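*Asks:* Just one file: entry.tsv, with TSV, C-alpha atoms and all ligand atoms.
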```tsv
chain	number	residue	atom	x	y	z
A	3	MET	CA	-10.36	-5.59	-17.43
A	4	SER	CA	-10.87	-9.37	-17.54
A	5	PHE	CA	-12.54	-11.01	-14.60
A	6	ILE	CA	-15.20	-13.62	-13.97
A	7	ARG	CA	-18.15	-12.69	-11.77
A	8	LYS	CA	-18.34	-14.84	-8.65
A	9	PRO	CA	-21.69	-16.46	-7.80
A	10	ASP	CA	-23.34	-14.57	-4.95
A	11	ILE	CA	-23.90	-17.46	-2.55
A	12	ARG	CA	-24.53	-16.81	1.13
A	13	TYR	CA	-24.02	-19.46	3.76
A	14	LYS	CA	-25.85	-19.86	7.03
A	15	GLY	CA	-23.75	-18.71	9.97
A	16	GLN	CA	-21.39	-16.63	7.82
A	17	ARG	CA	-19.26	-14.24	9.90
A	18	THR	CA	-20.43	-10.64	9.67
A	19	ASN	CA	-18.71	-7.42	10.73
A	20	ALA	CA	-20.14	-4.44	12.64
A	21	LEU	CA	-21.94	-3.30	9.45
A	22	GLY	CA	-23.61	-6.69	9.04
A	23	LEU	CA	-21.52	-7.38	5.92
A	24	THR	CA	-19.80	-10.67	5.13
A	25	LEU	CA	-16.33	-11.23	3.65
A	26	ARG	CA	-18.12	-11.88	0.35
A	27	ASP	CA	-19.28	-8.25	0.35
A	28	TYR	CA	-15.61	-7.21	0.23
A	29	GLU	CA	-14.63	-9.46	-2.63
A	30	GLY	CA	-14.53	-8.64	-6.32
A	31	GLY	CA	-14.51	-10.68	-9.50
A	32	MET	CA	-12.73	-14.01	-9.75
A	33	SER	CA	-9.02	-13.54	-10.40
A	34	THR	CA	-7.64	-14.27	-13.86
A	35	LEU	CA	-4.01	-14.14	-12.63
A	36	CYS	CA	-1.83	-17.29	-12.78
A	37	ALA	CA	-2.65	-19.81	-10.04
A	38	GLY	CA	-0.22	-19.21	-7.16
A	39	CYS	CA	0.57	-15.57	-8.08
A	40	GLY	CA	1.59	-13.64	-4.95
A	41	HIS	CA	-0.73	-10.79	-5.96
A	42	ASP	CA	-3.78	-12.97	-5.19
A	43	SER	CA	-2.61	-13.51	-1.59
A	44	ILE	CA	-2.33	-9.74	-1.16
A	45	THR	CA	-5.86	-9.34	-2.53
A	46	SER	CA	-7.13	-11.81	0.04
A	47	ALA	CA	-5.37	-9.90	2.85
A	48	LEU	CA	-6.93	-6.65	1.59
A	49	VAL	CA	-10.42	-8.17	1.60
A	50	GLN	CA	-9.90	-9.21	5.21
A	51	ALA	CA	-8.43	-5.82	6.21
A	52	PHE	CA	-11.41	-3.82	4.89
A	53	PHE	CA	-13.86	-6.33	6.37
A	54	GLU	CA	-12.25	-6.23	9.81
A	55	LEU	CA	-12.01	-2.42	9.78
A	56	ASP	CA	-15.78	-2.23	9.11
A	57	ILE	CA	-15.30	0.12	6.17
A	58	GLU	CA	-18.28	0.49	3.85
A	59	PRO	CA	-17.07	-0.55	0.36
A	60	TYR	CA	-18.59	2.58	-1.24
A	61	ARG	CA	-16.30	4.72	0.92
A	62	VAL	CA	-13.23	3.33	-0.86
A	63	ALA	CA	-11.53	4.45	-4.06
A	64	LYS	CA	-9.22	1.87	-5.67
A	65	LEU	CA	-6.64	3.11	-8.13
A	66	SER	CA	-3.98	1.37	-10.15
A	67	GLY	CA	-1.73	1.70	-13.19
A	68	ILE	CA	-1.05	-1.11	-15.68
A	69	GLY	CA	0.33	-4.58	-14.94
A	70	CYS	CA	-0.81	-7.87	-13.37
A	71	SER	CA	-0.63	-6.10	-9.99
A	72	SER	CA	-2.67	-3.22	-11.32
A	73	LYS	CA	-5.40	-5.66	-12.40
A	74	THR	CA	-5.96	-6.74	-8.79
A	75	PRO	CA	-8.41	-3.97	-7.77
A	76	ALA	CA	-10.92	-5.81	-9.97
A	77	TYR	CA	-10.67	-8.72	-7.52
A	78	PHE	CA	-11.66	-6.93	-4.30
A	79	LEU	CA	-14.40	-4.53	-3.21
A	80	SER	CA	-16.57	-4.62	-6.31
A	81	GLN	CA	-18.84	-1.99	-4.70
A	82	ALA	CA	-15.99	0.54	-4.39
A	83	HIS	CA	-15.07	3.31	-6.79
A	84	GLY	CA	-12.16	2.43	-9.05
A	85	ILE	CA	-9.97	3.46	-11.95
A	86	ASN	CA	-7.13	1.91	-13.92
A	87	ALA	CA	-4.90	4.82	-14.86
A	88	VAL	CA	-2.20	4.90	-17.52
A	89	HIS	CA	1.02	2.91	-16.80
A	90	GLY	CA	2.86	4.69	-13.95
A	91	ARG	CA	0.43	7.61	-13.76
A	92	MET	CA	-1.85	6.40	-10.98
A	93	PRO	CA	-0.42	8.79	-8.33
A	94	ALA	CA	-1.48	11.86	-10.36
A	95	VAL	CA	-5.00	10.49	-10.75
A	96	ALA	CA	-5.06	9.64	-7.03
A	97	THR	CA	-3.96	13.19	-6.21
A	98	GLY	CA	-6.77	14.72	-8.27
A	99	ALA	CA	-9.42	12.38	-6.88
A	100	ASN	CA	-8.21	12.94	-3.33
A	101	ALA	CA	-8.23	16.72	-3.82
A	102	ALA	CA	-11.88	16.59	-4.87
A	103	ALA	CA	-13.22	13.89	-2.55
A	104	ARG	CA	-11.16	13.80	0.62
A	105	ASP	CA	-13.68	11.73	2.56
A	106	LEU	CA	-12.87	8.41	0.85
A	107	TYR	CA	-10.27	5.77	1.71
A	108	TYR	CA	-7.74	5.74	-1.12
A	109	ILE	CA	-5.88	2.60	-2.02
A	110	GLY	CA	-3.40	2.51	-4.87
A	111	VAL	CA	-2.14	-0.84	-6.13
A	112	SER	CA	0.93	-0.75	-8.31
A	113	GLY	CA	3.79	-2.98	-9.45
A	114	ASP	CA	7.55	-2.51	-9.25
A	115	GLY	CA	7.53	-1.85	-13.00
A	116	ASP	CA	4.63	0.58	-12.71
A	117	SER	CA	6.08	2.52	-9.75
A	118	LEU	CA	9.86	2.27	-10.07
A	119	SER	CA	10.41	2.71	-13.80
A	120	ILE	CA	7.86	4.69	-15.79
A	121	GLY	CA	6.09	5.95	-12.65
A	122	LEU	CA	9.03	6.78	-10.40
A	123	GLY	CA	8.53	10.56	-10.56
A	124	GLN	CA	4.82	10.24	-9.86
A	125	PHE	CA	5.41	7.85	-6.96
A	126	ALA	CA	8.04	10.17	-5.43
A	127	HIS	CA	5.88	13.30	-5.65
A	128	ALA	CA	2.76	11.68	-4.19
A	129	MET	CA	4.92	10.72	-1.23
A	130	ARG	CA	6.50	14.16	-0.98
A	131	ARG	CA	3.02	15.70	-0.94
A	132	ASN	CA	2.06	13.27	1.82
A	133	LEU	CA	-1.10	12.38	-0.06
A	134	HIS	CA	-3.51	10.59	2.25
A	135	MET	CA	-3.57	7.10	0.75
A	136	LEU	CA	-2.38	3.52	1.13
A	137	TYR	CA	0.05	2.77	-1.69
A	138	LEU	CA	0.99	-0.86	-2.31
A	139	ILE	CA	3.81	-1.98	-4.53
A	140	GLU	CA	3.33	-5.64	-5.41
A	141	ASN	CA	7.00	-6.29	-5.99
A	142	ASN	CA	8.03	-9.34	-8.04
A	143	GLY	CA	11.20	-8.04	-9.70
A	144	VAL	CA	9.79	-8.49	-13.19
A	145	TYR	CA	7.27	-7.12	-15.62
A	146	GLY	CA	4.78	-9.95	-15.24
A	147	LEU	CA	2.11	-8.73	-17.65
A	148	THR	CA	4.62	-8.19	-20.48
A	149	LYS	CA	6.19	-11.59	-19.86
A	150	GLY	CA	9.18	-11.39	-17.57
A	151	GLN	CA	11.60	-8.57	-18.43
A	152	PHE	CA	13.71	-7.37	-15.47
A	153	SER	CA	12.16	-4.49	-13.59
A	154	ALA	CA	14.03	-1.75	-11.73
A	155	SER	CA	13.78	-3.72	-8.48
A	156	ALA	CA	15.68	-6.79	-9.78
A	157	ASP	CA	18.88	-7.31	-7.78
A	158	ILE	CA	22.33	-7.29	-9.36
A	159	GLY	CA	23.19	-10.85	-10.36
A	160	SER	CA	19.63	-12.13	-10.37
A	161	LYS	CA	18.95	-14.34	-13.36
A	162	ALA	CA	15.92	-14.17	-15.60
A	163	LYS	CA	14.07	-17.38	-16.40
A	164	LYS	CA	15.86	-17.56	-19.75
A	165	GLY	CA	19.35	-17.02	-18.25
A	166	GLU	CA	20.05	-13.29	-18.72
A	167	ILE	CA	21.81	-11.74	-15.71
A	168	ASN	CA	20.81	-8.35	-14.32
A	169	GLU	CA	23.74	-5.98	-13.91
A	170	GLN	CA	21.98	-2.77	-12.94
A	171	ARG	CA	21.53	-1.60	-9.38
A	172	PRO	CA	18.02	-2.17	-8.04
A	173	ILE	CA	15.75	0.58	-6.73
A	174	ASP	CA	14.49	-0.36	-3.29
A	175	PRO	CA	11.03	1.20	-2.68
A	176	VAL	CA	11.60	1.17	1.07
A	177	LYS	CA	14.89	3.07	0.93
A	178	THR	CA	13.39	5.41	-1.67
A	179	ALA	CA	10.40	6.11	0.60
A	180	LEU	CA	12.68	6.81	3.58
A	181	ALA	CA	14.79	9.17	1.47
A	182	MET	CA	11.72	10.97	0.07
A	183	GLY	CA	10.29	11.69	3.51
A	184	GLY	CA	7.59	8.98	3.52
A	185	THR	CA	5.62	9.01	6.77
A	186	PHE	CA	4.71	5.30	6.85
A	187	VAL	CA	7.16	2.91	5.31
A	188	ALA	CA	6.78	-0.85	5.49
A	189	ARG	CA	7.73	-4.06	3.77
A	190	GLY	CA	5.76	-7.29	3.77
A	191	PHE	CA	5.67	-10.60	1.96
A	192	SER	CA	2.63	-12.02	0.18
A	193	GLY	CA	3.38	-15.39	1.83
A	194	ASP	CA	3.06	-13.96	5.37
A	195	LYS	CA	-0.51	-12.79	5.91
A	196	ASP	CA	-0.08	-12.61	9.70
A	197	GLN	CA	2.48	-9.86	9.28
A	198	LEU	CA	0.82	-8.17	6.30
A	199	LEU	CA	-2.73	-7.84	7.66
A	200	PRO	CA	-2.04	-5.47	10.60
A	201	MET	CA	0.26	-3.41	8.37
A	202	LEU	CA	-2.51	-3.01	5.79
A	203	LYS	CA	-4.97	-1.93	8.49
A	204	ALA	CA	-2.53	0.54	10.00
A	205	GLY	CA	-1.68	1.85	6.52
A	206	LEU	CA	-5.35	2.48	5.77
A	207	LYS	CA	-5.72	4.39	9.03
A	208	HIS	CA	-2.49	6.38	8.69
A	209	ASP	CA	-3.13	10.10	8.12
A	210	GLY	CA	-0.75	10.55	5.19
A	211	PHE	CA	1.03	8.49	2.57
A	212	ALA	CA	1.43	4.87	3.69
A	213	MET	CA	3.76	2.91	1.43
A	214	ILE	CA	3.95	-0.85	1.74
A	215	ASP	CA	6.36	-2.72	-0.49
A	216	VAL	CA	5.03	-6.28	-0.64
A	217	LEU	CA	7.32	-8.95	-2.04
A	218	SER	CA	5.01	-10.90	-4.29
A	219	PRO	CA	6.64	-13.69	-6.31
A	220	CYS	CA	5.67	-14.10	-9.95
A	221	VAL	CA	5.29	-17.87	-10.23
A	222	THR	CA	5.36	-17.80	-14.03
A	223	PHE	CA	8.43	-15.69	-14.79
A	224	ASN	CA	10.43	-15.21	-11.59
A	225	ASP	CA	10.08	-18.02	-9.06
A	226	HIS	CA	13.14	-20.07	-10.02
A	227	GLU	CA	16.23	-20.75	-7.88
A	228	ASP	CA	18.28	-17.83	-9.28
A	229	SER	CA	15.62	-15.25	-8.47
A	230	THR	CA	15.93	-12.99	-5.42
A	231	LYS	CA	12.17	-12.37	-5.56
A	232	SER	CA	11.15	-16.05	-5.39
A	233	TYR	CA	9.15	-17.63	-2.56
A	234	ALA	CA	12.16	-19.76	-1.53
A	235	HIS	CA	14.61	-16.83	-1.45
A	236	THR	CA	12.25	-14.53	0.44
A	237	ARG	CA	11.43	-17.22	3.01
A	238	GLN	CA	15.11	-17.97	3.56
A	239	PHE	CA	16.38	-14.37	3.89
A	240	TYR	CA	13.35	-12.80	5.51
A	241	HIS	CA	14.31	-10.68	8.56
A	242	PRO	CA	11.40	-9.18	10.55
A	243	ALA	CA	12.48	-6.00	12.35
A	244	VAL	CA	9.11	-5.25	13.95
A	245	HIS	CA	5.82	-7.06	14.51
A	246	ALA	CA	2.86	-4.70	14.25
A	247	ASP	CA	-0.56	-5.23	15.81
A	248	PHE	CA	-3.45	-2.97	14.86
A	249	ILE	CA	-5.88	-2.06	17.63
A	250	PRO	CA	-9.15	-0.31	16.67
A	251	PRO	CA	-10.40	2.43	19.03
A	252	ALA	CA	-13.24	0.40	20.52
A	253	GLU	CA	-11.22	-2.66	21.37
A	254	PRO	CA	-9.78	-2.95	24.89
A	255	ILE	CA	-5.99	-2.85	25.03
A	256	ARG	CA	-4.67	-6.38	25.17
A	257	ALA	CA	-2.11	-7.91	27.53
A	258	GLY	CA	0.67	-7.54	24.97
A	259	TYR	CA	0.59	-3.81	25.67
A	260	ASP	CA	2.32	-4.34	28.97
A	261	GLU	CA	5.26	-6.20	27.57
A	262	GLY	CA	8.50	-4.25	27.82
A	263	GLU	CA	9.19	-4.42	24.10
A	264	ALA	CA	5.85	-2.98	22.87
A	265	VAL	CA	5.65	0.61	21.58
A	266	PRO	CA	2.12	1.98	21.04
A	267	VAL	CA	1.60	4.59	18.31
A	268	GLN	CA	-1.66	6.55	18.40
A	269	LEU	CA	-3.28	7.12	15.00
A	270	HIS	CA	-5.50	10.11	14.19
A	271	ASP	CA	-8.81	8.22	14.57
A	272	GLY	CA	-7.93	6.89	18.02
A	273	SER	CA	-6.75	3.48	16.84
A	274	GLN	CA	-3.29	2.28	17.73
A	275	VAL	CA	-0.44	0.46	16.12
A	276	LEU	CA	1.37	-1.66	18.63
A	277	LEU	CA	4.94	-2.22	17.54
A	278	ARG	CA	6.62	-5.16	19.14
A	279	LYS	CA	10.29	-5.13	18.32
A	280	VAL	CA	11.76	-8.38	17.13
A	281	ALA	CA	15.23	-6.92	16.66
A	282	PRO	CA	16.30	-5.25	19.92
A	283	ASP	CA	18.22	-2.48	18.16
A	284	TYR	CA	15.33	-1.42	15.90
A	285	ASP	CA	13.66	2.00	16.33
A	286	PRO	CA	10.78	2.62	13.88
A	287	HIS	CA	10.70	6.35	14.76
A	288	ASP	CA	14.26	7.11	13.66
A	289	ARG	CA	14.57	7.60	9.90
A	290	ALA	CA	18.37	7.58	9.80
A	291	ALA	CA	18.59	4.51	12.01
A	292	ALA	CA	16.02	2.73	9.83
A	293	MET	CA	18.11	3.45	6.75
A	294	SER	CA	21.35	2.18	8.27
A	295	TYR	CA	19.56	-0.88	9.69
A	296	LEU	CA	18.32	-1.71	6.19
A	297	GLU	CA	21.79	-1.20	4.71
A	298	ARG	CA	23.44	-3.37	7.35
A	299	HIS	CA	21.06	-6.24	6.77
A	300	GLU	CA	21.19	-5.84	3.02
A	301	GLN	CA	24.99	-6.33	3.19
A	302	ALA	CA	24.29	-9.62	4.98
A	303	GLY	CA	21.90	-10.61	2.19
A	304	GLU	CA	18.79	-10.23	4.37
A	305	ILE	CA	15.42	-8.76	3.45
A	306	VAL	CA	14.13	-6.61	6.32
A	307	THR	CA	10.35	-6.64	6.79
A	308	GLY	CA	7.80	-4.99	9.09
A	309	LEU	CA	6.60	-1.45	9.73
A	310	LEU	CA	10.02	0.13	9.33
A	311	TYR	CA	9.24	3.80	9.86
A	312	ILE	CA	6.22	5.71	11.10
A	313	GLU	CA	5.71	9.42	11.66
A	314	GLU	CA	2.36	10.83	12.71
A	315	HIS	CA	1.26	14.47	12.49
A	316	ARG	CA	3.21	15.52	9.36
A	317	PRO	CA	0.85	17.82	7.38
A	318	THR	CA	-0.88	16.09	4.48
A	319	MET	CA	-1.52	17.62	1.06
A	320	HIS	CA	-4.84	19.08	2.24
A	321	ALA	CA	-3.30	20.75	5.27
A	322	ILE	CA	-0.40	22.18	3.26
A	323	ASN	CA	-2.73	23.61	0.60
A	324	GLN	CA	-5.41	24.67	3.09
A	325	THR	CA	-8.16	23.07	1.06
A	326	ALA	CA	-11.83	22.97	2.03
A	327	ALA	CA	-12.66	20.57	4.83
A	328	THR	CA	-15.60	19.21	2.81
A	329	ALA	CA	-15.51	17.04	-0.29
A	330	LEU	CA	-16.19	19.25	-3.33
A	331	ARG	CA	-19.34	17.28	-4.23
A	332	ASP	CA	-20.89	18.32	-0.90
A	333	LEU	CA	-20.21	22.04	-1.33
A	334	ASP	CA	-22.97	24.31	-2.46
A	335	TYR	CA	-22.64	25.52	-6.07
A	336	SER	CA	-22.44	29.12	-4.89
A	337	VAL	CA	-19.34	28.22	-2.87
A	338	LEU	CA	-17.74	26.35	-5.75
A	339	ASN	CA	-18.56	29.16	-8.17
A	340	PRO	CA	-18.70	32.47	-6.26
A	341	GLY	CA	-19.14	34.45	-9.49
A	342	ALA	CA	-17.25	36.94	-11.67
A	343	ALA	CA	-16.88	39.66	-9.04
A	344	ALA	CA	-15.18	37.28	-6.58
A	345	LEU	CA	-12.86	36.07	-9.34
A	346	ALA	CA	-11.91	39.64	-10.28
A	347	GLU	CA	-11.18	40.41	-6.63
A	348	LEU	CA	-8.97	37.32	-6.37
A	349	GLN	CA	-7.08	38.20	-9.56
A	350	LYS	CA	-6.15	41.62	-8.14
A	351	ARG	CA	-3.73	39.80	-5.81
A	352	PHE	CA	-1.74	38.46	-8.74
A	353	ARG	CA	-1.36	41.73	-10.68
A	401	LIG	C1	3.14	3.71	-21.54
A	401	LIG	C2	3.24	2.21	-21.48
A	401	LIG	N1	4.45	1.62	-21.58
A	401	LIG	C3	4.56	0.29	-21.51
A	401	LIG	C4	3.44	-0.48	-21.36
A	401	LIG	C5	3.60	-1.98	-21.34
A	401	LIG	N2	3.47	-2.54	-20.00
A	401	LIG	C6	2.28	-2.97	-19.56
A	401	LIG	S1	2.38	-3.63	-18.03
A	401	LIG	C7	4.03	-3.33	-17.96
A	401	LIG	C8	4.87	-3.72	-16.78
A	401	LIG	C9	4.13	-4.17	-15.58
A	401	LIG	O1	5.03	-4.55	-14.60
A	401	LIG	P1	4.73	-4.38	-13.07
A	401	LIG	O2	4.26	-3.03	-12.79
A	401	LIG	O3	5.95	-4.82	-12.34
A	401	LIG	O4	3.50	-5.34	-12.83
A	401	LIG	P2	3.37	-6.94	-12.80
A	401	LIG	O5	2.73	-7.27	-14.11
A	401	LIG	O6	4.73	-7.55	-12.66
A	401	LIG	O7	2.50	-7.17	-11.63
A	401	LIG	C10	4.49	-2.73	-19.12
A	401	LIG	C11	5.88	-2.35	-19.38
A	401	LIG	C12	2.20	0.16	-21.25
A	401	LIG	N3	1.07	-0.52	-21.05
A	401	LIG	N4	2.13	1.50	-21.30
A	402	LIG	S1	2.61	-13.43	-14.95
A	402	LIG	FE1	3.46	-13.42	-12.88
A	402	LIG	S2	2.69	-11.51	-11.97
A	402	LIG	FE2	1.42	-11.96	-13.75
A	402	LIG	S3	-0.32	-13.15	-12.97
A	402	LIG	FE3	1.22	-14.61	-13.64
A	402	LIG	S4	2.38	-15.05	-11.79
A	402	LIG	FE4	1.28	-13.18	-11.40
```
What would the structure in this file look like if it were written as structure tokens?
Ligand SMILES: Cc1ncc(C[n+]2csc(CCOP(=O)(O)OP(=O)(O)O)c2C)c(N)n1
Ligand code: SF4

*Replies:*
Amino acid sequence: MSFIRKPDIRYKGQRTNALGLTLRDYEGGMSTLCAGCGHDSITSALVQAFFELDIEPYRVAKLSGIGCSSKTPAYFLSQAHGINAVHGRMPAVATGANAAARDLYYIGVSGDGDSLSIGLGQFAHAMRRNLHMLYLIENNGVYGLTKGQFSASADIGSKAKKGEINEQRPIDPVKTALAMGGTFVARGFSGDKDQLLPMLKAGLKHDGFAMIDVLSPCVTFNDHEDSTKSYAHTRQFYHPAVHADFIPPAEPIRAGYDEGEAVPVQLHDGSQVLLRKVAPDYDPHDRAAAMSYLERHEQAGEIVTGLLYIEEHRPTMHAINQTAATALRDLDYSVLNPGAAALAELQKRFR
């Protein structure tokens, strides 16, 4: 993975979080992506999210597949655990890691090519399992790393930089996540950090699979006037359905709580997501309504953003499989390997 190490310079009066760490402690290597790539803005929002949540970097596992988007974990949290999996296979690796070490924060960073073409089955099953992780799709409508082929999220009629027109139906990660039973489904835009930041924080604190599709223009291959994943197009057709605030457990509830339009959602660790509806007819707890809302706005050519669906208390993979409450590394060897007699006893049940 190519990256340039940043000089470790500390400034007087630098802001620190509750752990005494600075934003610099949450950064990674210097990005080697194209200047202006949307993926870098998402990286910067992630750095801020982990910093503001006071999460120790070593308690995080970063996972990705292959692509420009999948390179980004090298650019944040250099002290965290991390792995680049094979193209499209990150969810399986995340599942295995999560099964063994359930006490970490899992963040998967993928691209629309990585998740919606070669990795679609893996993406769908991680969601179906309700794996406890934050899964980001940095969606630019192209294969950036392999130089601009259409991906499965390119809209019908969108033109490639060299003039070819896409005629295949796109796969929308948000509609896919709603259909697959996703418990936290959101869409953001790399150019709107104010909206993205609270969604990232809430996604990290969600007890289950949090999927955020982030529109992230590729300035090199897909930011021209015929692209539906360009900065100009997204800015023009952007339609926020919900504004989300994230409120950590220790912070007093702010005045916004009292406003008629605000809906608080309690997360498992005591924090809250405060959903302030922008569209009066939007209900982020109703899966069917969310789907028809998306369809309606899609017909009008609009891109709906915000925390579009949230469901707490659906059993996660660990609850469904009744796994040990402790990470495997912390279990005593005699528990992990109870011996031949215990194995023989267990096998009797399958004869
Ligand atoms: C098995 C396999 N097939 C194909 C490739 C070639 N490949 C590398 S990255 C990539 C697409 C990446 O696109 P996306 O996930 O959208 O990420 P972006 O670069 O646009 O951020 C492809 C097809 C590969 N590395 N491995
Ligand atoms: S090719 Fe596109 S996606 Fe890749 S780094 Fe450059 S701008 Fe970003």

*Asks:* To one decimal in Å, tell me the separation between CA of Gly146 in chain A and atom O7 of ligand LIG 401 (chain A).

*Replies:*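 Between CA of Gly146 in chain A and atom O7 of ligand LIG 401 (chain A) the gap is 5.1 Å.
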
*Asks:* Using all atoms listed in the file, which protein or nucleic acid residues come within 12 Å of Lys161 in chain A? Drop anything in the same chain fewer than 4 positions from it, and give the result as a list in words.

*Replies:* Gly143, Val144, Gly150, Gln151, Phe152, Ser153, Ala156, Asp157, Gly165, Glu166, Ile167, Asn168, Glu169, Gln170, Phe223, Asn224, Asp225, His226, Glu227, Asp228, Ser229, Thr230, Lys231 and Ser232 of chain A

*Asks:* From the list A:Phe239, A:Tyr13, A:Tyr233, A:Phe352, which residue is nearest ligand LIG 402 (chain A) when using all atoms listed in the file?

*Replies:*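 Closest candidate: A:Tyr233.
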
*Asks:* Quote the spacing between CA of Ala181 in chain A and CA of Gly110 in chain A in Å to one decimal place.

*Replies:* 20.4 Å

*Asks:* Around all the atoms of range 297-308 of chain A listed in the file, draw an axis-aligned box and extend it by 5 Å on each of the six sides; I want its centre and edge lengths in Å to one decimal, as AutoDock Vina command-line options.

*Replies:*
```
--center_x 16.4 --center_y -5.9 --center_z 5.6 --size_x 27.2 --size_y 19.4 --size_z 16.9
```

*Asks:* Show me which residues line ligand LIG 402 (chain A), defined as having an atom within 9 Å of a ligand atom where only C-alpha atoms and all ligand atoms count, and present them as a ChimeraX atom specification.

*Replies:* /A:34-42,69-71,113,140,142,144-150,218-225

*Asks:* List as a JSON list (two decimals) with C-alpha atoms, in the coordinates of the input the protein and nucleic acid residues near range 99-103 of chain A, meaning an atom at most 12 Å away when all atoms listed in the file are counted, but skip any in the same chain fewer than 4 places from it.

*Replies:*
```json
[["chain", "number", "residue", "atom", "x", "y", "z"],
["A", 61, "ARG", "CA", -16.30, 4.72, 0.92],
["A", 62, "VAL", "CA", -13.23, 3.33, -0.86],
["A", 63, "ALA", "CA", -11.53, 4.45, -4.06],
["A", 64, "LYS", "CA", -9.22, 1.87, -5.67],
["A", 65, "LEU", "CA", -6.64, 3.11, -8.13],
["A", 83, "HIS", "CA", -15.07, 3.31, -6.79],
["A", 84, "GLY", "CA", -12.16, 2.43, -9.05],
["A", 85, "ILE", "CA", -9.97, 3.46, -11.95],
["A", 87, "ALA", "CA", -4.90, 4.82, -14.86],
["A", 92, "MET", "CA", -1.85, 6.40, -10.98],
["A", 93, "PRO", "CA", -0.42, 8.79, -8.33],
["A", 94, "ALA", "CA", -1.48, 11.86, -10.36],
["A", 95, "VAL", "CA", -5.00, 10.49, -10.75],
["A", 107, "TYR", "CA", -10.27, 5.77, 1.71],
["A", 108, "TYR", "CA", -7.74, 5.74, -1.12],
["A", 109, "ILE", "CA", -5.88, 2.60, -2.02],
["A", 110, "GLY", "CA", -3.40, 2.51, -4.87],
["A", 128, "ALA", "CA", 2.76, 11.68, -4.19],
["A", 131, "ARG", "CA", 3.02, 15.70, -0.94],
["A", 132, "ASN", "CA", 2.06, 13.27, 1.82],
["A", 133, "LEU", "CA", -1.10, 12.38, -0.06],
["A", 134, "HIS", "CA", -3.51, 10.59, 2.25],
["A", 135, "MET", "CA", -3.57, 7.10, 0.75],
["A", 136, "LEU", "CA", -2.38, 3.52, 1.13],
["A", 210, "GLY", "CA", -0.75, 10.55, 5.19],
["A", 211, "PHE", "CA", 1.03, 8.49, 2.57],
["A", 318, "THR", "CA", -0.88, 16.09, 4.48],
["A", 319, "MET", "CA", -1.52, 17.62, 1.06],
["A", 320, "HIS", "CA", -4.84, 19.08, 2.24],
["A", 321, "ALA", "CA", -3.30, 20.75, 5.27],
["A", 322, "ILE", "CA", -0.40, 22.18, 3.26],
["A", 323, "ASN", "CA", -2.73, 23.61, 0.60],
["A", 324, "GLN", "CA", -5.41, 24.67, 3.09],
["A", 325, "THR", "CA", -8.16, 23.07, 1.06],
["A", 326, "ALA", "CA", -11.83, 22.97, 2.03],
["A", 327, "ALA", "CA", -12.66, 20.57, 4.83],
["A", 328, "THR", "CA", -15.60, 19.21, 2.81],
["A", 329, "ALA", "CA", -15.51, 17.04, -0.29],
["A", 330, "LEU", "CA", -16.19, 19.25, -3.33],
["A", 331, "ARG", "CA", -19.34, 17.28, -4.23],
["A", 332, "ASP", "CA", -20.89, 18.32, -0.90],
["A", 333, "LEU", "CA", -20.21, 22.04, -1.33],
["A", 338, "LEU", "CA", -17.74, 26.35, -5.75]]
```

*Asks:* Residues around (8.8, -15.0, 3.2), cut-off 6 Å, counting only C-alpha atoms - what are they as a ChimeraX atom specification?

*Replies:* /A:191,193,236-237,240

*Asks:* Using all atoms listed in the file, which residue out of A:Gly308, A:Gly303, A:Pro200, A:Pro242 lies closest to Val216 in chain A?

*Replies:*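 Of A:Gly308, A:Gly303, A:Pro200, A:Pro242, the one nearest Val216 in chain A is A:Gly308, counting all atoms listed in the file.
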
*Asks:* My list of candidates is A:Pro286, A:Pro266, A:Gly98, A:Gly67. Which is closest to ligand LIG 401 (chain A) when distances are computed with only C-alpha atoms and all ligand atoms?

*Replies:* A:Gly67

*Asks:* I need the residue nearest Ser117 in chain A from this list: A:Leu25, A:Val49, A:Met213, A:Ala302. Use all atoms listed in the file for the distance.

*Replies:*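 Result for the nearest residue to Ser117 in chain A: A:Met213.
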
*Asks:* Choose the residue, out of A:Ser43, A:Gln16, A:Leu106, A:Leu309, that has the smallest atom-to-atom separation from Leu180 in chain A; count only C-alpha atoms.

*Replies:*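 Using only C-alpha atoms, Leu180 in chain A sits closest to A:Leu309.
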
*Asks:* Got a sec: who's within 7 Å of Val111 in chain A, counting all atoms listed in the file, leaving out chain neighbours fewer than 3 positions off, as a short mmCIF file (atom, residue, chain, number, x, y, z; two decimals) with C-alpha atoms, in the frame of the given file?

*Replies:*
```
data_model
loop_
_atom_site.label_atom_id
_atom_site.label_comp_id
_atom_site.auth_asym_id
_atom_site.auth_seq_id
_atom_site.Cartn_x
_atom_site.Cartn_y
_atom_site.Cartn_z
CA LEU A 65 -6.64 3.11 -8.13
CA SER A 66 -3.98 1.37 -10.15
CA SER A 71 -0.63 -6.10 -9.99
CA SER A 72 -2.67 -3.22 -11.32
CA TYR A 137 0.05 2.77 -1.69
CA LEU A 138 0.99 -0.86 -2.31
CA ILE A 139 3.81 -1.98 -4.53
#
```

*Asks:* Using CA of Ser119 in chain A and CA of Lys73 in chain A as the two end points, give the distance in Å to one decimal.

*Replies:*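 For CA of Ser119 in chain A relative to CA of Lys73 in chain A, the distance reads 17.9 Å.
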
*Asks:* So, with only C-alpha atoms and all ligand atoms as the atoms that count, which of A:Lys195, A:Arg7, A:His208, A:His89 lies closest to ligand LIG 401 (chain A)?

*Replies:* A:His89

*Asks:* Just want the 10 Å neighbourhood of Asp27 in chain A, counted on all atoms listed in the file, with same-chain residues fewer than 5 positions away dropped. Output as a ChimeraX atom specification.

*Replies:* /A:10,18,22,49,53,58-59,78-81
